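Worksheet: the structure to be examined is printed underneath.
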Amino acid sequence: MGKETVTVNHALVAGIDIGSRSIELVLLQDGQMVHWDLLPTTFDPLGQCRSLLDRVRAARIVTTGYGRKLLLEHLDHPEITAITEIQAYALGARHLFPGVRTILDIGGQDTKAIALAMDGKVAKFEMNDRCAAGTGKFLEFMAVALQMPLEKFGDFALQADRRIQISSMCTVFAESEATSLMARGESPANIAMGLHLAIVSRTLAMLRRVGVTPPVLFAGGVAHNPCIKSLLEESLGEPVLVPDQPDLVGALGAALYGQKLVAHA
Amino acid sequence: MPTPYDEMWEKLNLDLTAHEGLLQVLGKFYGDIYLTQEGRLKGMEYLDFVLSEVHGLRIKEIQEAKAQGRKVIGTFCVFVPEELVLAADAVCVGLCAGAEIGKESAEKILPRNTCALIKSFVGFKLSRLCPYIESCDLVVGETTCDGKKKAYEIFEEYAPVYVMEIPQMKQACDRDLWKAEVRRFKERIEAVAGKEITAARLKEAIKLVNRRRQVLQRLNQLRAAVPTPISGRDVLLINQISFYDDPVRFTAKIGELCDELEKRIKAGEGVAPPETPRLMLSGCPMAVPNWKLPFIVESSGAVIVGEESCIGTRNIRDLVDESGDTLEEMLDALVDRYMRIDCACFTPNQERLHNVVSMAKELEVKGVIHFALNFCQPYAIEAFKVGRALEAAGIPMLSIETDYSMEDVEQLKTRVEAFLEMVR
């Protein structure tokens with residue numbers, strides 16, 4: 001696509017969140033989500049973006065996520081802008097749950113804790129640095145180590161009958177810790193629980209640095225995991241909100257930003 | 001490619017092949033970060049020239065000075081009283097410590113979890129890539145942090161090292177300690193240089209270094225204009241070069257650049273549009289060629305208008321009192337001036353909190369980016385208090401911990417851009 005002449009639909013705004021694991025697209029028309037889609041990032045994120053945007057005639061595109069600059073540089077579109085995931089999640093979260101004050105986003109390789117002011121603006125944020133410990137990537141590795149499909153890993157961990165501590169957050173070390181626990185006869189469910197606990201304890205430290213003001217929204221791909229959600233609620237002593245489609249929050253926020261730009265144009 | 005300096009570098013025992021590679025990388029890096037800037041000042045040509053000759057012409061000058069019997073003293077820290085070095089007619093140079101060079105060799109003798117600056121100076125030495133270290137008759141270390149303190153003990157096997165003890169508090173007894181250290185340093189410098197530091201010579205040296213601080217103060221006052229007439233990257237470079245260049249020539253050249261800035265300000269010309277968010281950096285020194293964070297910040301749509309750093313205001317804010325005439329009075333003036341440095345190695349360090357906040361207010365910045373090198377405990381820990389002091393003043397702060405490598409650039413960009421979205 002790209003060079004062919006397309007008639008854009010002026011009422012359509014697209015938000016696209018290019019993450020390390022998946023790319024999500026949300027289309028808004030008059031503030032309503034009219035379409036969404038999701039593809040794995042693969043080794044060709046640009047190609048994947050193009051497949052998602054194919055046949056989409058949005059008047060404006062807003063990109064976010066790790067690959068936000070990629071489309072900006074390569075897509076021939078007159079109205080394309082990039083915003084960070086931090087702002088996109090803030091906008092998306094407030095749209096879904098207007099009172100939200102704290103956002104936790106655990107994605108494929110990043111964890112972000114965002115504190116929002118009363119008016120919904122970002123007041124403070126924390127993000128993990130280069131190391132992907134404690135993110136979706138970590139869960140993925142550990143699920144493989146325990147020969148569990150990723151989607152079932154959380155439910156599996158919830159079957160644990162005791163809590164063991166896994167102290168290492170480094171993927172490589174945690175894997176060897178898990179291996180030695182298995183060698184000592186520890187049940188795989190308990191080990192899985194230990195690994196989930198390790199992520200939650202790291203995440204809580206980040207959340208507490210920005211300050212936890214309820215209501216708390218949990219989003220990003222890892223929010224699909226019921227064990228992480230329940231451990232977070234247990235530690236925070238608060239219910240944690242999880243949207244129906246937690247991986248779409250960034251794309252939704254990007255589209256909402258696009259809509260604001262259209263309104264101000 | 002042969003250069004007119006090959007023979008000199010060979011005499012200095014540099015690793016010629018690796019050194020050529022280093023200069024090429026540095027040149028490319030400089031081109032990408034500096035020469036692509038728009039609306040650059042004419043006065044920056046001098047800095048471009050000095051940087052392009054940083055291992056060439058300047059080293060040649062230093063070798064010529066050595067041939068005339070002058071000694072070369074290398075330093076790593078703004079605590080070392082340069083006035084005493086100059087008063088002994090020696091040359092004072094800041095040493096290479098801002099690039100990821102010789103990391104593998106450095107990690108053979110230092111733990112991996114050592115700050116990038118320490119690894120860098122050790123790496124430069126072990127890989128024979130810093131002509132400044134190779135020219136030094138004495139390398140002056142200091143006890144600002146445990147990392148440096150212990151690294152000098154090992155570094156001593158490779159270079160002639162002298163270590164000054166820096167107090168950690170600012171009580172009367174600490175001043176006494178520092179005064180004794182300044183005296184001990186004076187004696188050592190006299191011995192190395194073979195020259196007596198007389199009252200007359202010291203008076204001249206104090207004036208010389210003050211003049212350089214004053215021209216840099218003038219530069220900082222001018223850049224505070226809205227819109228700012230010069231990029232943060234350029235001011236950082238000027239501050240970095242102040243540690244290498246001949247002080248008299250440097251002061252004159254920066255004076256000319258300041259005249260040019262005045263004209264720009266009068267014409268209302270800025271280096272970026274007036275609505276560009278103004279930010280300030282605070283924290284660890286950014287030794288040449290560590291331009292990573294300023295480049296990320298300024299290519300994300302902000303402009304840096306202040307560096308609360310050792311390569312920035314910490315080095316130039318305070319002058320030495322020039323009223324003393326006797327050697328004793330002047331030594332006291334030096335001691336008092338250097339004791340005012342608000343390095344994070346002090347406890348408590350309330351002055352720094354005050355200085356950061358008042359600087360941020362004066363410069364009308366939208367926010368402060370705190371920069372700590374990984375494993376630099378004094379600054380990384382102090383970041384918390386700096387953040388709280390700024391928060392109380394209603395100024396947002398982003399705390400960054402990083403090193404000289406490029407692997408976290410994307411994450412840093414996300415943070416810096418998100419911070420800009422937040423403060424805009």
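Chain labels follow the order of the structure tokens: the first chain is A, the next B, and so on; residue numbering restarts at 1 in every chain, and ligands are counted from 1 in their shown order.
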Determine, using only C-alpha atoms, which residues of chain A have any atom at most 10 Å from an atom of chain B, and tabulate each with its shortest atom pair and distance in Å to one decimal place, rows ordered by chain and then rising number, as a Markdown table.
```
| residue | atom | partner | partner_atom | distance |
| --- | --- | --- | --- | --- |
| A:Thr64 | CA | B:Thr414 | CA | 10.0 |
| A:Gly65 | CA | B:Thr414 | CA | 8.6 |
| A:Tyr66 | CA | B:Glu410 | CA | 7.8 |
| A:Gly67 | CA | B:Glu410 | CA | 9.5 |
| A:Arg68 | CA | B:Thr414 | CA | 9.8 |
| A:Ile83 | CA | B:Ala418 | CA | 7.9 |
| A:Thr84 | CA | B:Ala418 | CA | 5.7 |
| A:Glu85 | CA | B:Ala418 | CA | 7.8 |
| A:Ile86 | CA | B:Ala418 | CA | 6.1 |
| A:Gln87 | CA | B:Ala418 | CA | 6.7 |
| A:Ala88 | CA | B:Ala418 | CA | 9.8 |
| A:Asp110 | CA | B:Gln411 | CA | 9.0 |
| A:Lys121 | CA | B:Met422 | CA | 7.3 |
| A:Val122 | CA | B:Met422 | CA | 5.8 |
| A:Ala123 | CA | B:Met422 | CA | 7.1 |
| A:Lys124 | CA | B:Met422 | CA | 8.3 |
| A:Phe125 | CA | B:Phe419 | CA | 8.4 |
| A:Glu126 | CA | B:Arg415 | CA | 8.5 |
| A:Met127 | CA | B:Arg415 | CA | 7.6 |
| A:Asn128 | CA | B:Gln411 | CA | 8.5 |
| A:Asp129 | CA | B:Gln411 | CA | 6.5 |
| A:Arg130 | CA | B:Asp408 | CA | 5.4 |
| A:Cys131 | CA | B:Asp408 | CA | 9.1 |
```
Which residues, written as a PyMOL selection string, have at least one atom at most 10 Å from segment 312-327 of chain B, with only C-alpha atoms counted and residues fewer than 6 positions away on the same chain left out?
chain B and resi 77-79+83+197-204+206-207+209-217+220+235-240+281-283+285-286+306+333-338+340-343+352+355+359
Residue neighbourhood Ile191 of chain A, 9 Å, only C-alpha atoms, exclusion window fewer than 6 positions, as a ChimeraX atom specification:
/A:146,157,160,163-166,178,181-182
Among segment 101-319 of chain B, which residues carry a DSSP assignment of alpha helix (DSSP H), reported as a PyMOL selection string?
chain B and resi 103-109+116-126+131-135+146-155+172-193+199-223+232-241+247-266+292-298+313-316
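Computed from the coordinates, the atom CA of Cys92 of chain B to atom CA of Asp32 of chain B distance equals 29.8 Å.
Taking only C-alpha atoms, the non-local environment of Ala360 of chain B within 9 Å (same-chain residues fewer than 3 positions away omitted) comprises B:Leu279, B:Met280, B:Gly306, B:Asn355, B:Val356, B:Val357, B:Leu363, B:Glu364, B:Val365, B:Lys366, B:Gly367, B:Val368, B:Leu390, B:Ile395.
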Give me, as a tab-separated table, each residue of segment 7-59 of chain A that comes within 10 Å of segment 236-259 of chain A, together with its shortest interatomic pair and the distance in Å at one decimal, counting only C-alpha atoms, with rows ordered by chain and rising residue number.
```
residue	atom	partner	partner_atom	distance
A:Ala11	CA	A:Gln259	CA	9.1
A:Leu12	CA	A:Gln259	CA	8.6
A:Val13	CA	A:Ala255	CA	5.8
A:Ala14	CA	A:Ala255	CA	5.1
A:Gly15	CA	A:Ala255	CA	3.8
A:Ile16	CA	A:Ala251	CA	4.8
A:Asp17	CA	A:Ala251	CA	4.7
A:Ile18	CA	A:Ala251	CA	8.5
A:Gly19	CA	A:Gly250	CA	9.5
A:Ser22	CA	A:Asp247	CA	8.8
A:Ile23	CA	A:Ala251	CA	8.7
A:Glu24	CA	A:Ala251	CA	6.0
A:Leu25	CA	A:Ala251	CA	5.7
A:Val26	CA	A:Ala251	CA	5.6
A:Leu27	CA	A:Ala255	CA	6.8
A:Leu28	CA	A:Ala255	CA	6.5
A:Gln29	CA	A:Gln259	CA	8.8
A:Asp30	CA	A:Gln259	CA	8.2
A:Gly31	CA	A:Leu256	CA	7.5
A:Gln32	CA	A:Leu256	CA	9.7
A:Met33	CA	A:Leu252	CA	8.2
A:Trp36	CA	A:Leu248	CA	8.2
A:Asp37	CA	A:Leu248	CA	8.9
A:Leu38	CA	A:Leu248	CA	8.5
A:Ala59	CA	A:Gly258	CA	9.4
```
Just want the 8 Å neighbourhood of segment 5-17 of chain B, counted on only C-alpha atoms, with same-chain residues fewer than 3 positions away dropped. Output as a ChimeraX atom specification.
/B:2,20-21,56,60,127-131,134-135
Output for the residues just chosen: C-alpha atoms as a PDB file, in the first residue's frame:
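Everything below was put into result-v8.pdb:
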```
ATOM      1  CA  PRO B   2      49.100   9.029   7.949  1.00  0.00           C
ATOM      2  CA  GLU B  20      43.059   5.943  14.381  1.00  0.00           C
ATOM      3  CA  GLY B  21      39.830   3.983  14.769  1.00  0.00           C
ATOM      4  CA  GLY B  56      46.568  16.518  17.719  1.00  0.00           C
ATOM      5  CA  LYS B  60      51.654  19.032  20.244  1.00  0.00           C
ATOM      6  CA  SER B 127      44.466   0.439  25.840  1.00  0.00           C
ATOM      7  CA  ARG B 128      46.985   3.283  25.325  1.00  0.00           C
ATOM      8  CA  LEU B 129      44.512   5.645  23.680  1.00  0.00           C
ATOM      9  CA  CYS B 130      44.702   8.855  25.704  1.00  0.00           C
ATOM     10  CA  PRO B 131      47.640  11.062  24.714  1.00  0.00           C
ATOM     11  CA  GLU B 134      50.611   9.514  28.351  1.00  0.00           C
ATOM     12  CA  SER B 135      51.897  13.105  28.577  1.00  0.00           C
TER      13      SER B 135
END
```
From the list B:Leu353, B:Leu331, B:Val386, B:Met164, which residue is nearest Ile369 of chain B when using only C-alpha atoms?
B:Val386
Among the residues of segment 31-214 of chain A, find those DSSP assigns to strand (DSSP E) from the backbone and print them as a ChimeraX atom specification.
/A:32-40,58-64,80-82,102-106,111-116,122-127
So which residues touch Ala344 of chain B within 12 Å, counting only C-alpha atoms, skipping near sequence neighbours fewer than 4 positions away, as a PDB file with N, CA and C atoms, in the first residue's frame?
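Here's the written file part.pdb:
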```
ATOM      1  N   THR B 144      36.795  11.367  46.090  1.00  0.00           N
ATOM      2  CA  THR B 144      35.389  11.781  46.049  1.00  0.00           C
ATOM      3  C   THR B 144      34.431  10.613  46.231  1.00  0.00           C
ATOM      4  N   CYS B 145      34.802   9.437  45.755  1.00  0.00           N
ATOM      5  CA  CYS B 145      33.903   8.290  45.947  1.00  0.00           C
ATOM      6  C   CYS B 145      34.758   7.049  46.153  1.00  0.00           C
ATOM      7  N   ILE B 166      39.569  14.319  49.993  1.00  0.00           N
ATOM      8  CA  ILE B 166      38.476  15.296  49.983  1.00  0.00           C
ATOM      9  C   ILE B 166      37.632  15.054  51.230  1.00  0.00           C
ATOM     10  N   PRO B 167      37.390  16.093  52.018  1.00  0.00           N
ATOM     11  CA  PRO B 167      36.545  15.872  53.198  1.00  0.00           C
ATOM     12  C   PRO B 167      35.131  15.461  52.785  1.00  0.00           C
ATOM     13  N   GLN B 168      34.402  14.872  53.722  1.00  0.00           N
ATOM     14  CA  GLN B 168      33.039  14.452  53.404  1.00  0.00           C
ATOM     15  C   GLN B 168      31.979  15.278  54.106  1.00  0.00           C
ATOM     16  N   MET B 169      32.439  16.129  55.022  1.00  0.00           N
ATOM     17  CA  MET B 169      31.502  17.031  55.691  1.00  0.00           C
ATOM     18  C   MET B 169      32.093  18.433  55.600  1.00  0.00           C
ATOM     19  N   SER B 282      21.068  17.992  35.630  1.00  0.00           N
ATOM     20  CA  SER B 282      21.651  18.081  36.957  1.00  0.00           C
ATOM     21  C   SER B 282      22.270  16.736  37.311  1.00  0.00           C
ATOM     22  N   GLY B 283      23.432  16.767  37.931  1.00  0.00           N
ATOM     23  CA  GLY B 283      23.992  15.506  38.413  1.00  0.00           C
ATOM     24  C   GLY B 283      25.453  15.283  38.092  1.00  0.00           C
ATOM     25  N   CYS B 284      25.745  14.081  37.606  1.00  0.00           N
ATOM     26  CA  CYS B 284      27.123  13.649  37.358  1.00  0.00           C
ATOM     27  C   CYS B 284      27.754  14.430  36.201  1.00  0.00           C
ATOM     28  N   PRO B 285      29.095  14.484  36.195  1.00  0.00           N
ATOM     29  CA  PRO B 285      29.761  15.145  35.071  1.00  0.00           C
ATOM     30  C   PRO B 285      29.559  14.372  33.772  1.00  0.00           C
ATOM     31  N   GLU B 308      23.731  21.666  35.816  1.00  0.00           N
ATOM     32  CA  GLU B 308      24.145  21.700  37.215  1.00  0.00           C
ATOM     33  C   GLU B 308      25.014  20.463  37.387  1.00  0.00           C
ATOM     34  N   SER B 309      26.288  20.621  37.091  1.00  0.00           N
ATOM     35  CA  SER B 309      27.173  19.465  36.985  1.00  0.00           C
ATOM     36  C   SER B 309      28.606  19.935  37.165  1.00  0.00           C
ATOM     37  N   CYS B 310      29.510  18.968  37.384  1.00  0.00           N
ATOM     38  CA  CYS B 310      30.926  19.321  37.533  1.00  0.00           C
ATOM     39  C   CYS B 310      31.450  19.914  36.230  1.00  0.00           C
ATOM     40  N   ARG B 314      28.934  23.593  38.631  1.00  0.00           N
ATOM     41  CA  ARG B 314      29.694  23.223  39.833  1.00  0.00           C
ATOM     42  C   ARG B 314      31.156  23.655  39.718  1.00  0.00           C
ATOM     43  N   PRO B 348      25.818  16.474  55.248  1.00  0.00           N
ATOM     44  CA  PRO B 348      24.686  16.614  54.337  1.00  0.00           C
ATOM     45  C   PRO B 348      25.078  17.511  53.173  1.00  0.00           C
ATOM     46  N   ASN B 349      24.215  17.626  52.187  1.00  0.00           N
ATOM     47  CA  ASN B 349      24.575  18.429  51.009  1.00  0.00           C
ATOM     48  C   ASN B 349      23.419  19.341  50.626  1.00  0.00           C
ATOM     49  N   GLN B 350      22.936  20.031  51.641  1.00  0.00           N
ATOM     50  CA  GLN B 350      21.788  20.915  51.475  1.00  0.00           C
ATOM     51  C   GLN B 350      22.031  22.001  50.422  1.00  0.00           C
ATOM     52  N   GLU B 351      23.302  22.477  50.338  1.00  0.00           N
ATOM     53  CA  GLU B 351      23.606  23.554  49.377  1.00  0.00           C
ATOM     54  C   GLU B 351      23.202  23.157  47.971  1.00  0.00           C
ATOM     55  N   ARG B 352      23.483  21.878  47.634  1.00  0.00           N
ATOM     56  CA  ARG B 352      23.195  21.481  46.259  1.00  0.00           C
ATOM     57  C   ARG B 352      21.690  21.558  45.995  1.00  0.00           C
ATOM     58  N   LEU B 353      20.894  21.087  46.947  1.00  0.00           N
ATOM     59  CA  LEU B 353      19.442  21.123  46.747  1.00  0.00           C
ATOM     60  C   LEU B 353      19.008  22.559  46.499  1.00  0.00           C
ATOM     61  N   ALA B 372      22.510  10.412  36.559  1.00  0.00           N
ATOM     62  CA  ALA B 372      23.503   9.729  37.390  1.00  0.00           C
ATOM     63  C   ALA B 372      24.114   8.617  36.556  1.00  0.00           C
ATOM     64  N   CYS B 376      26.991   5.099  40.391  1.00  0.00           N
ATOM     65  CA  CYS B 376      27.492   6.283  41.107  1.00  0.00           C
ATOM     66  C   CYS B 376      26.557   6.504  42.275  1.00  0.00           C
ATOM     67  N   GLN B 377      26.902   5.912  43.410  1.00  0.00           N
ATOM     68  CA  GLN B 377      25.988   5.998  44.552  1.00  0.00           C
ATOM     69  C   GLN B 377      25.720   7.418  45.031  1.00  0.00           C
ATOM     70  N   PRO B 378      26.746   8.262  45.180  1.00  0.00           N
ATOM     71  CA  PRO B 378      26.451   9.591  45.730  1.00  0.00           C
ATOM     72  C   PRO B 378      25.357  10.328  44.946  1.00  0.00           C
ATOM     73  N   TYR B 379      25.479  10.384  43.628  1.00  0.00           N
ATOM     74  CA  TYR B 379      24.482  11.116  42.846  1.00  0.00           C
ATOM     75  C   TYR B 379      23.185  10.338  42.704  1.00  0.00           C
ATOM     76  N   ALA B 380      23.282   9.018  42.513  1.00  0.00           N
ATOM     77  CA  ALA B 380      22.057   8.241  42.327  1.00  0.00           C
ATOM     78  C   ALA B 380      21.187   8.314  43.581  1.00  0.00           C
ATOM     79  N   ILE B 381      21.816   8.275  44.743  1.00  0.00           N
ATOM     80  CA  ILE B 381      21.024   8.329  45.974  1.00  0.00           C
ATOM     81  C   ILE B 381      20.515   9.749  46.209  1.00  0.00           C
ATOM     82  N   GLU B 382      21.369  10.733  45.940  1.00  0.00           N
ATOM     83  CA  GLU B 382      20.952  12.115  46.165  1.00  0.00           C
ATOM     84  C   GLU B 382      19.806  12.534  45.233  1.00  0.00           C
ATOM     85  N   ALA B 383      19.650  11.825  44.119  1.00  0.00           N
ATOM     86  CA  ALA B 383      18.577  12.154  43.166  1.00  0.00           C
ATOM     87  C   ALA B 383      17.220  12.212  43.872  1.00  0.00           C
ATOM     88  N   PHE B 384      17.039  11.360  44.853  1.00  0.00           N
ATOM     89  CA  PHE B 384      15.764  11.330  45.578  1.00  0.00           C
ATOM     90  C   PHE B 384      15.492  12.673  46.258  1.00  0.00           C
ATOM     91  N   LYS B 385      16.512  13.183  46.961  1.00  0.00           N
ATOM     92  CA  LYS B 385      16.320  14.462  47.663  1.00  0.00           C
ATOM     93  C   LYS B 385      16.207  15.625  46.690  1.00  0.00           C
ATOM     94  N   VAL B 386      16.959  15.558  45.607  1.00  0.00           N
ATOM     95  CA  VAL B 386      16.863  16.617  44.590  1.00  0.00           C
ATOM     96  C   VAL B 386      15.439  16.633  44.029  1.00  0.00           C
TER      97      VAL B 386
END
```
With only C-alpha atoms as the counted atoms, please give the residues lying no more than 9 Å from Lys292 of chain B, apart from itself and same-chain residues fewer than 3 positions off, as a PyMOL selection string.
chain B and resi 33+289+295-297+404-406+409
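Our summary of the geometry notes that atom CA of Arg233 of chain B is positioned 27.0 Å from atom CA of Ala18 of chain B.
Using only C-alpha atoms, the smallest distance between any of A:Leu204, A:Leu231, A:Leu71, A:Val216 and Thr111 of chain A comes from A:Leu204.
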